[in-house]
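Trainee: Input data-v3.pdb, format and content: PDB, C-alpha atoms.
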MODEL        1
ATOM      1  CA  MET A 160     115.375 -15.519 126.038
ATOM      2  CA  ALA A 161     113.469 -16.609 122.948
ATOM      3  CA  ARG A 162     110.435 -17.520 125.042
ATOM      4  CA  MET A 163     110.529 -14.161 126.815
ATOM      5  CA  ALA A 164     110.764 -12.294 123.511
ATOM      6  CA  LEU A 165     107.919 -14.361 122.046
ATOM      7  CA  GLY A 166     105.812 -13.709 125.139
ATOM      8  CA  ALA A 167     106.416  -9.960 124.899
ATOM      9  CA  ILE A 168     105.423  -9.960 121.223
ATOM     10  CA  LEU A 169     102.232 -11.921 121.912
ATOM     11  CA  CYS A 170     101.325  -9.634 124.807
ATOM     12  CA  ARG A 171     101.798  -6.551 122.638
ATOM     13  CA  TYR A 172      99.763  -8.149 119.830
ATOM     14  CA  GLN A 173      96.888  -8.856 122.220
ATOM     15  CA  ARG A 174      96.879  -5.247 123.431
ATOM     16  CA  VAL A 175      96.790  -3.951 119.866
ATOM     17  CA  GLN A 176      93.969  -6.308 118.915
ATOM     18  CA  ALA A 177      92.028  -5.438 122.058
ATOM     19  CA  SER A 178      92.360  -1.729 121.325
ATOM     20  CA  LYS A 179      90.455  -2.326 118.083
ATOM     21  CA  ARG A 180      87.433  -3.726 119.879
ATOM     22  CA  PRO A 181      84.429  -1.407 120.227
ATOM     23  CA  GLY A 182      84.422   0.413 123.536
ATOM     24  CA  PHE A 183      87.935  -0.674 124.549
ATOM     25  CA  GLU A 184      89.957   2.101 126.149
ATOM     26  CA  VAL A 185      93.745   1.925 126.097
ATOM     27  CA  ARG A 186      94.296   5.264 127.797
ATOM     28  CA  PRO A 187      92.753   5.830 131.227
ATOM     29  CA  GLY A 188      89.793   8.157 131.036
ATOM     30  CA  ALA A 189      89.729   8.192 127.236
ATOM     31  CA  GLY A 190      86.047   7.211 127.195
ATOM     32  CA  LYS A 191      85.159  10.194 129.327
ATOM     33  CA  ARG A 192      86.344  12.503 126.578
ATOM     34  CA  ARG A 193      84.092  10.939 123.969
ATOM     35  CA  VAL A 194      81.150  13.029 122.808
ATOM     36  CA  SER A 195      78.055  11.084 123.838
ATOM     37  CA  ILE A 196      74.547  11.327 122.385
ATOM     38  CA  PRO A 197      73.292  13.596 125.225
ATOM     39  CA  ASN A 198      76.240  15.934 124.610
ATOM     40  CA  ILE A 199      75.478  16.038 120.884
ATOM     41  CA  ILE A 200      71.856  16.942 121.679
ATOM     42  CA  THR A 201      73.059  19.657 124.061
ATOM     43  CA  LEU A 202      75.358  21.073 121.380
ATOM     44  CA  GLY A 203      72.381  21.088 119.037
ATOM     45  CA  ARG A 204      70.437  23.102 121.607
ATOM     46  CA  ILE A 205      73.227  25.669 121.710
ATOM     47  CA  MET A 206      73.044  25.912 117.917
ATOM     48  CA  LEU A 207      69.347  26.813 118.233
ATOM     49  CA  VAL A 208      70.230  30.040 120.077
ATOM     50  CA  PRO A 209      70.986  32.197 116.997
ATOM     51  CA  ILE A 210      67.899  30.807 115.262
ATOM     52  CA  ILE A 211      65.536  31.813 118.045
ATOM     53  CA  VAL A 212      67.210  35.235 118.338
ATOM     54  CA  TRP A 213      66.731  35.785 114.606
ATOM     55  CA  ALA A 214      63.102  34.660 114.825
ATOM     56  CA  ILE A 215      62.272  37.078 117.669
ATOM     57  CA  VAL A 216      64.087  40.056 116.153
ATOM     58  CA  SER A 217      62.412  39.322 112.792
ATOM     59  CA  SER A 218      58.974  39.108 114.467
ATOM     60  CA  GLN A 219      58.649  35.442 113.466
ATOM     61  CA  MET A 220      57.095  34.564 116.803
ATOM     62  CA  GLU A 221      55.558  31.279 115.653
ATOM     63  CA  VAL A 222      59.013  30.111 114.620
ATOM     64  CA  ALA A 223      60.518  31.392 117.870
ATOM     65  CA  PHE A 224      57.940  29.536 119.947
ATOM     66  CA  ALA A 225      58.424  26.323 117.938
ATOM     67  CA  VAL A 226      62.215  26.485 118.325
ATOM     68  CA  PHE A 227      61.771  27.156 122.042
ATOM     69  CA  LEU A 228      59.638  24.015 122.350
ATOM     70  CA  ILE A 229      62.231  21.983 120.445
ATOM     71  CA  ALA A 230      64.936  23.263 122.781
ATOM     72  CA  GLY A 231      62.851  22.347 125.823
ATOM     73  CA  ILE A 232      62.160  18.836 124.516
ATOM     74  CA  SER A 233      65.835  18.316 123.673
ATOM     75  CA  ASP A 234      66.776  19.361 127.202
ATOM     76  CA  ALA A 235      64.439  16.742 128.648
ATOM     77  CA  VAL A 236      65.646  14.066 126.212
ATOM     78  CA  ASP A 237      69.372  14.542 126.825
ATOM     79  CA  GLY A 238      68.785  14.566 130.576
ATOM     80  CA  PHE A 239      66.790  11.329 130.368
ATOM     81  CA  LEU A 240      69.370   9.592 128.184
ATOM     82  CA  ALA A 241      72.251  10.676 130.395
ATOM     83  CA  LYS A 242      70.618   9.294 133.540
ATOM     84  CA  ARG A 243      68.877   6.252 132.060
ATOM     85  CA  PHE A 244      71.899   4.908 130.175
ATOM     86  CA  ASN A 245      74.597   6.248 132.492
ATOM     87  CA  MET A 246      75.956   8.684 129.902
ATOM     88  CA  THR A 247      76.730  11.455 132.356
ATOM     89  CA  SER A 248      80.095  13.156 131.902
ATOM     90  CA  GLU A 249      82.046  16.196 133.009
ATOM     91  CA  LEU A 250      81.586  17.692 129.548
ATOM     92  CA  GLY A 251      77.830  17.215 129.788
ATOM     93  CA  ALA A 252      77.747  18.741 133.266
ATOM     94  CA  LEU A 253      79.442  21.808 131.782
ATOM     95  CA  LEU A 254      77.539  22.040 128.493
ATOM     96  CA  ASP A 255      73.994  21.500 129.805
ATOM     97  CA  PRO A 256      73.751  24.556 132.099
ATOM     98  CA  LEU A 257      75.712  26.573 129.533
ATOM     99  CA  ALA A 258      73.128  25.720 126.872
ATOM    100  CA  ASP A 259      70.250  26.581 129.200
ATOM    101  CA  LYS A 260      71.754  29.926 130.181
ATOM    102  CA  ALA A 261      72.699  30.834 126.618
ATOM    103  CA  LEU A 262      69.149  30.101 125.478
ATOM    104  CA  LEU A 263      67.375  31.936 128.304
ATOM    105  CA  VAL A 264      69.642  34.986 128.300
ATOM    106  CA  SER A 265      69.360  35.280 124.510
ATOM    107  CA  ILE A 266      65.566  35.019 124.639
ATOM    108  CA  TYR A 267      65.240  37.598 127.417
ATOM    109  CA  MET A 268      67.572  40.037 125.664
ATOM    110  CA  SER A 269      65.762  39.577 122.345
ATOM    111  CA  LEU A 270      62.329  40.027 123.919
ATOM    112  CA  GLY A 271      63.619  43.110 125.744
ATOM    113  CA  ILE A 272      64.935  44.631 122.517
ATOM    114  CA  TRP A 273      61.670  43.767 120.770
ATOM    115  CA  GLY A 274      59.767  45.490 123.601
ATOM    116  CA  ALA A 275      57.791  42.441 124.705
ATOM    117  CA  ILE A 276      59.088  42.480 128.285
ATOM    118  CA  PRO A 277      60.377  45.282 130.543
ATOM    119  CA  ARG A 278      64.061  45.967 130.186
ATOM    120  CA  TRP A 279      64.591  45.947 133.936
ATOM    121  CA  ILE A 280      63.721  42.235 134.093
ATOM    122  CA  VAL A 281      66.243  41.611 131.304
ATOM    123  CA  ILE A 282      68.935  43.500 133.213
ATOM    124  CA  LEU A 283      68.077  41.579 136.386
ATOM    125  CA  VAL A 284      68.294  38.151 134.734
ATOM    126  CA  VAL A 285      71.482  38.897 132.794
ATOM    127  CA  SER A 286      73.194  40.634 135.731
ATOM    128  CA  ARG A 287      72.600  37.632 137.970
ATOM    129  CA  ASP A 288      74.430  35.297 135.603
ATOM    130  CA  ILE A 289      77.244  37.799 135.062
ATOM    131  CA  MET A 290      77.756  38.147 138.820
ATOM    132  CA  ILE A 291      77.913  34.380 139.330
ATOM    133  CA  VAL A 292      80.356  33.885 136.458
ATOM    134  CA  ALA A 293      82.469  36.783 137.746
ATOM    135  CA  ALA A 294      82.578  35.233 141.225
ATOM    136  CA  VAL A 295      83.768  31.915 139.803
ATOM    137  CA  ILE A 296      86.445  33.642 137.701
ATOM    138  CA  VAL A 297      87.706  35.701 140.652
ATOM    139  CA  SER A 298      87.972  32.618 142.858
ATOM    140  CA  TRP A 299      89.854  30.850 140.074
ATOM    141  CA  LEU A 300      92.260  33.772 139.602
ATOM    142  CA  PHE A 301      93.055  33.714 143.315
ATOM    143  CA  ASP A 302      93.638  29.966 143.122
ATOM    144  CA  ARG A 303      90.581  29.314 145.268
ATOM    145  CA  PRO A 304      88.207  27.549 142.865
ATOM    146  CA  VAL A 305      84.634  27.218 144.018
ATOM    147  CA  GLU A 306      81.946  24.923 142.620
ATOM    148  CA  MET A 307      78.613  26.710 142.299
ATOM    149  CA  LYS A 308      76.114  23.889 142.711
ATOM    150  CA  PRO A 309      72.500  24.706 141.778
ATOM    151  CA  SER A 310      70.332  25.230 144.850
ATOM    152  CA  LYS A 311      66.599  24.581 145.140
ATOM    153  CA  VAL A 312      65.950  28.306 144.781
ATOM    154  CA  SER A 313      68.119  28.380 141.662
ATOM    155  CA  LYS A 314      66.148  25.498 140.141
ATOM    156  CA  LEU A 315      62.870  27.263 140.940
ATOM    157  CA  ASN A 316      64.306  30.381 139.343
ATOM    158  CA  THR A 317      65.068  28.484 136.139
ATOM    159  CA  VAL A 318      61.547  27.042 136.064
ATOM    160  CA  ALA A 319      60.043  30.518 136.550
ATOM    161  CA  GLN A 320      62.255  32.011 133.834
ATOM    162  CA  VAL A 321      61.346  29.259 131.371
ATOM    163  CA  ALA A 322      57.625  29.544 132.161
ATOM    164  CA  PHE A 323      57.659  33.333 131.762
ATOM    165  CA  ALA A 324      59.545  33.177 128.457
ATOM    166  CA  ALA A 325      57.243  30.428 127.160
ATOM    167  CA  LEU A 326      54.121  32.411 128.088
ATOM    168  CA  VAL A 327      55.348  35.597 126.420
ATOM    169  CA  LEU A 328      56.420  33.769 123.253
ATOM    170  CA  ALA A 329      53.114  31.879 123.096
ATOM    171  CA  ALA A 330      51.141  35.103 123.560
ATOM    172  CA  LEU A 331      53.077  36.787 120.758
ATOM    173  CA  ALA A 332      52.794  33.738 118.497
ATOM    174  CA  PHE A 333      49.063  33.092 118.940
ATOM    175  CA  GLY A 334      47.837  36.589 119.751
ATOM    176  CA  PHE A 335      46.296  36.175 123.208
ATOM    177  CA  LYS A 336      46.678  38.365 126.278
ATOM    178  CA  PRO A 337      48.915  36.748 128.905
ATOM    179  CA  ALA A 338      47.654  38.896 131.795
ATOM    180  CA  PRO A 339      47.574  38.387 134.721
ATOM    181  CA  TYR A 340      49.807  35.319 134.482
ATOM    182  CA  ASP A 341      52.705  37.246 132.955
ATOM    183  CA  ILE A 342      52.722  39.634 135.924
ATOM    184  CA  ILE A 343      52.668  36.717 138.372
ATOM    185  CA  LEU A 344      55.496  34.892 136.618
ATOM    186  CA  MET A 345      57.529  38.070 136.273
ATOM    187  CA  GLY A 346      57.159  38.602 140.018
ATOM    188  CA  LEU A 347      58.341  35.044 140.681
ATOM    189  CA  VAL A 348      61.315  35.522 138.365
ATOM    190  CA  THR A 349      62.245  38.678 140.262
ATOM    191  CA  ILE A 350      61.969  37.043 143.689
ATOM    192  CA  PHE A 351      63.816  33.855 142.756
ATOM    193  CA  THR A 352      66.527  35.709 140.824
ATOM    194  CA  LEU A 353      67.324  38.020 143.731
ATOM    195  CA  SER A 354      67.132  35.160 146.235
ATOM    196  CA  SER A 355      69.344  32.799 144.237
ATOM    197  CA  VAL A 356      72.066  35.341 143.511
ATOM    198  CA  SER A 357      72.088  36.359 147.180
ATOM    199  CA  LEU A 358      72.528  32.738 148.277
ATOM    200  CA  TYR A 359      75.280  32.172 145.726
ATOM    201  CA  LEU A 360      77.177  35.279 146.797
ATOM    202  CA  VAL A 361      76.837  34.436 150.498
ATOM    203  CA  GLU A 362      78.207  30.962 149.802
ATOM    204  CA  TRP A 363      81.017  32.439 147.716
ATOM    205  CA  VAL A 364      82.018  34.925 150.430
ATOM    206  CA  ARG A 365      81.931  32.140 153.032
ATOM    207  CA  HIS A 366      84.114  29.977 150.803
ATOM    208  CA  MET A 367      86.675  32.718 150.220
ATOM    209  CA  SER A 368      86.722  33.713 153.906
ATOM    210  CA  THR A 369      87.186  30.121 155.087
ATOM    211  CA  ILE A 370      90.205  29.598 152.859
ATOM    212  CA  GLU A 371      91.615  32.967 153.906
ATOM    213  CA  ALA A 372      91.352  31.956 157.566
ATOM    214  CA  LYS A 373      93.259  28.748 156.888
TER     215      LYS A 373
ENDMDL
END
The structure given in the file should be rewritten as structure tokens.

Mentor:
Amino acid sequence: MARMALGAILCRYQRVQASKRPGFEVRPGAGKRRVSIPNIITLGRIMLVPIIVWAIVSSQMEVAFAVFLIAGISDAVDGFLAKRFNMTSELGALLDPLADKALLVSIYMSLGIWGAIPRWIVILVVSRDIMIVAAVIVSWLFDRPVEMKPSKVSKLNTVAQVAFAALVLAALAFGFKPAPYDIILMGLVTIFTLSSVSLYLVEWVRHMSTIEAK
């Protein structure tokens, strides 16, 4: 009995000591909830959103362009760190696209209010994201969750949106005429936005119909 009690005490002591070691996880999955460096960078990018909105609305286009560049660099850095050092996480997978969308939608809305881009392109870009989010929420409410994975068209759409926003901000910051490249990029944004939302909705309808049939 004494040996068993002593063994139990020693075992408990070892677990306590081990839990104090750096990186040791007592609870399963506890490490996955830790905020990693890429996630901190992503959160920082989200915090840049109100700054760039203020800069555009206040006609501080040099500041807006500089903040936009910082946001773009931070996006590349957190993606590199996550993949290179295996720091990917569910939180990061959620925060990264959220940060990108928050930044792009805010920039497009601000530029539309400022009069730098047509309002119809703003409505198109914002409506696409609203429709996708609404589809995800509806599927969740009906207990039929769907995972909207980014398609190739969606990735091209993001590239076109970023390029168009960067060109417009640079033109406003440094005073050059963006034509005809702004028209070309705006056309690409229109095509890719309509194509990507159509593909997403088709996939969503197929998903909902398949579950209904079962």

Trainee: Counting all atoms listed in the file, which of A:Met290, A:Val284, A:Val297, A:Val264 gets nearest to Phe351 of chain A?

Mentor: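 Among the listed residues, A:Val284 lies closest to Phe351 of chain A.
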
Trainee: Between atom CA of Val348 of chain A and atom CA of Trp299 of chain A, what distance in Å does the model show, to one decimal?

Mentor: 29.0 Å

Trainee: Given the file above and the PyMOL selection byres ((chain A and resi 203-206) around 8), which residues are selected, and can you give them as a list in words?

Mentor: Ile199, Ile200, Thr201, Leu202, Leu207, Val208, Pro209, Ile210, Ala230, Ser233, Asp234, Ala258, Ala261 and Leu262 of chain A

Trainee: For the structure provided, state which residues fall under the PyMOL selection byres ((chain A and resi 241-248) around 9), and present them as a PyMOL selection string.

Mentor: chain A and resi 191-192+195-198+236-240+249-253

Trainee: Could those residues be written to a file, using C-alpha atoms, as a PDB file, in the coordinates of the input?

Mentor:
ATOM      1  CA  LYS A 191      85.159  10.194 129.327  1.00  0.00           C
ATOM      2  CA  ARG A 192      86.344  12.503 126.578  1.00  0.00           C
ATOM      3  CA  SER A 195      78.055  11.084 123.838  1.00  0.00           C
ATOM      4  CA  ILE A 196      74.547  11.327 122.385  1.00  0.00           C
ATOM      5  CA  PRO A 197      73.292  13.596 125.225  1.00  0.00           C
ATOM      6  CA  ASN A 198      76.240  15.934 124.610  1.00  0.00           C
ATOM      7  CA  VAL A 236      65.646  14.066 126.212  1.00  0.00           C
ATOM      8  CA  ASP A 237      69.372  14.542 126.825  1.00  0.00           C
ATOM      9  CA  GLY A 238      68.785  14.566 130.576  1.00  0.00           C
ATOM     10  CA  PHE A 239      66.790  11.329 130.368  1.00  0.00           C
ATOM     11  CA  LEU A 240      69.370   9.592 128.184  1.00  0.00           C
ATOM     12  CA  GLU A 249      82.046  16.196 133.009  1.00  0.00           C
ATOM     13  CA  LEU A 250      81.586  17.692 129.548  1.00  0.00           C
ATOM     14  CA  GLY A 251      77.830  17.215 129.788  1.00  0.00           C
ATOM     15  CA  ALA A 252      77.747  18.741 133.266  1.00  0.00           C
ATOM     16  CA  LEU A 253      79.442  21.808 131.782  1.00  0.00           C
TER      17      LEU A 253
END

Trainee: Using all atoms listed in the file, list the residues that have an atom at most 12 Å from (55.1, 27.5, 120.4), coordinates as in the file, as a list of chain:residue names.

Mentor: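 Residues close enough to count: A:Ile211, A:Gln219, A:Met220, A:Glu221, A:Val222, A:Ala223, A:Phe224, A:Ala225, A:Val226, A:Phe227, A:Leu228, A:Ile229, A:Ala230, A:Gly231, A:Ile232, A:Ala324, A:Ala325, A:Leu326, A:Val327, A:Leu328, A:Ala329, A:Ala330, A:Leu331, A:Ala332, A:Phe333, A:Gly334.
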
Trainee: Can those selected residues be exported to a file as a PDB file, keeping the file's coordinate frame so that it contains C-alpha atoms?

Mentor:
ATOM      1  CA  ILE A 211      65.536  31.813 118.045  1.00  0.00           C
ATOM      2  CA  GLN A 219      58.649  35.442 113.466  1.00  0.00           C
ATOM      3  CA  MET A 220      57.095  34.564 116.803  1.00  0.00           C
ATOM      4  CA  GLU A 221      55.558  31.279 115.653  1.00  0.00           C
ATOM      5  CA  VAL A 222      59.013  30.111 114.620  1.00  0.00           C
ATOM      6  CA  ALA A 223      60.518  31.392 117.870  1.00  0.00           C
ATOM      7  CA  PHE A 224      57.940  29.536 119.947  1.00  0.00           C
ATOM      8  CA  ALA A 225      58.424  26.323 117.938  1.00  0.00           C
ATOM      9  CA  VAL A 226      62.215  26.485 118.325  1.00  0.00           C
ATOM     10  CA  PHE A 227      61.771  27.156 122.042  1.00  0.00           C
ATOM     11  CA  LEU A 228      59.638  24.015 122.350  1.00  0.00           C
ATOM     12  CA  ILE A 229      62.231  21.983 120.445  1.00  0.00           C
ATOM     13  CA  ALA A 230      64.936  23.263 122.781  1.00  0.00           C
ATOM     14  CA  GLY A 231      62.851  22.347 125.823  1.00  0.00           C
ATOM     15  CA  ILE A 232      62.160  18.836 124.516  1.00  0.00           C
ATOM     16  CA  ALA A 324      59.545  33.177 128.457  1.00  0.00           C
ATOM     17  CA  ALA A 325      57.243  30.428 127.160  1.00  0.00           C
ATOM     18  CA  LEU A 326      54.121  32.411 128.088  1.00  0.00           C
ATOM     19  CA  VAL A 327      55.348  35.597 126.420  1.00  0.00           C
ATOM     20  CA  LEU A 328      56.420  33.769 123.253  1.00  0.00           C
ATOM     21  CA  ALA A 329      53.114  31.879 123.096  1.00  0.00           C
ATOM     22  CA  ALA A 330      51.141  35.103 123.560  1.00  0.00           C
ATOM     23  CA  LEU A 331      53.077  36.787 120.758  1.00  0.00           C
ATOM     24  CA  ALA A 332      52.794  33.738 118.497  1.00  0.00           C
ATOM     25  CA  PHE A 333      49.063  33.092 118.940  1.00  0.00           C
ATOM     26  CA  GLY A 334      47.837  36.589 119.751  1.00  0.00           C
TER      27      GLY A 334
END

Trainee: On this structure, which residues satisfy the PyMOL selection byres ((chain A and resi 268) around 12), written as a CSV table (one decimal) with C-alpha atoms, keeping the file's coordinate frame?

Mentor:
chain,number,residue,atom,x,y,z
A,208,VAL,CA,70.2,30.0,120.1
A,211,ILE,CA,65.5,31.8,118.0
A,212,VAL,CA,67.2,35.2,118.3
A,213,TRP,CA,66.7,35.8,114.6
A,215,ILE,CA,62.3,37.1,117.7
A,216,VAL,CA,64.1,40.1,116.2
A,260,LYS,CA,71.8,29.9,130.2
A,261,ALA,CA,72.7,30.8,126.6
A,262,LEU,CA,69.1,30.1,125.5
A,263,LEU,CA,67.4,31.9,128.3
A,264,VAL,CA,69.6,35.0,128.3
A,265,SER,CA,69.4,35.3,124.5
A,266,ILE,CA,65.6,35.0,124.6
A,267,TYR,CA,65.2,37.6,127.4
A,269,SER,CA,65.8,39.6,122.3
A,270,LEU,CA,62.3,40.0,123.9
A,271,GLY,CA,63.6,43.1,125.7
A,272,ILE,CA,64.9,44.6,122.5
A,273,TRP,CA,61.7,43.8,120.8
A,274,GLY,CA,59.8,45.5,123.6
A,275,ALA,CA,57.8,42.4,124.7
A,276,ILE,CA,59.1,42.5,128.3
A,277,PRO,CA,60.4,45.3,130.5
A,278,ARG,CA,64.1,46.0,130.2
A,279,TRP,CA,64.6,45.9,133.9
A,280,ILE,CA,63.7,42.2,134.1
A,281,VAL,CA,66.2,41.6,131.3
A,282,ILE,CA,68.9,43.5,133.2
A,283,LEU,CA,68.1,41.6,136.4
A,284,VAL,CA,68.3,38.2,134.7
A,285,VAL,CA,71.5,38.9,132.8
A,286,SER,CA,73.2,40.6,135.7
A,324,ALA,CA,59.5,33.2,128.5

Trainee: What is the atom CA of Lys314 of chain A to atom CA of Ser354 of chain A distance in Å?

Mentor: 11.5 Å

Trainee: Just need the box for segment 255-260 of chain A, edges along x, y and z, holding every atom the file lists for it with 3 Å tacked onto each side, so centre and edge lengths in Å to one decimal, as lines of an AutoDock Vina configuration file.

Mentor:
center_x = 73.0
center_y = 25.7
center_z = 129.5
size_x = 11.5
size_y = 14.4
size_z = 11.2

Trainee: Of the candidates A:Glu362, A:Leu347, A:Pro339, A:Ala235, which one gets nearest to Val305 of chain A if we count all atoms listed in the file?

Mentor: A:Glu362

Trainee: To one decimal place in Å, what is the distance between atom CA of Ser217 of chain A and atom CA of Thr352 of chain A?

Mentor: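 That distance, rounded to one decimal, is 28.6 Å.
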
Trainee: Quick one: residues within 9 Å of Tyr340 of chain A, only C-alpha atoms, excluding same-chain residues fewer than 4 positions away - as JSON, numbers by chain?

Mentor: {"A": [323, 326, 344, 345]}

Trainee: When distances are computed from only C-alpha atoms, which of A:Ala338, A:Ala293, A:Ala319, A:Val312 shows the smallest separation from Ser357 of chain A?

Mentor: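 The answer is A:Val312, which sits nearest to Ser357 of chain A.
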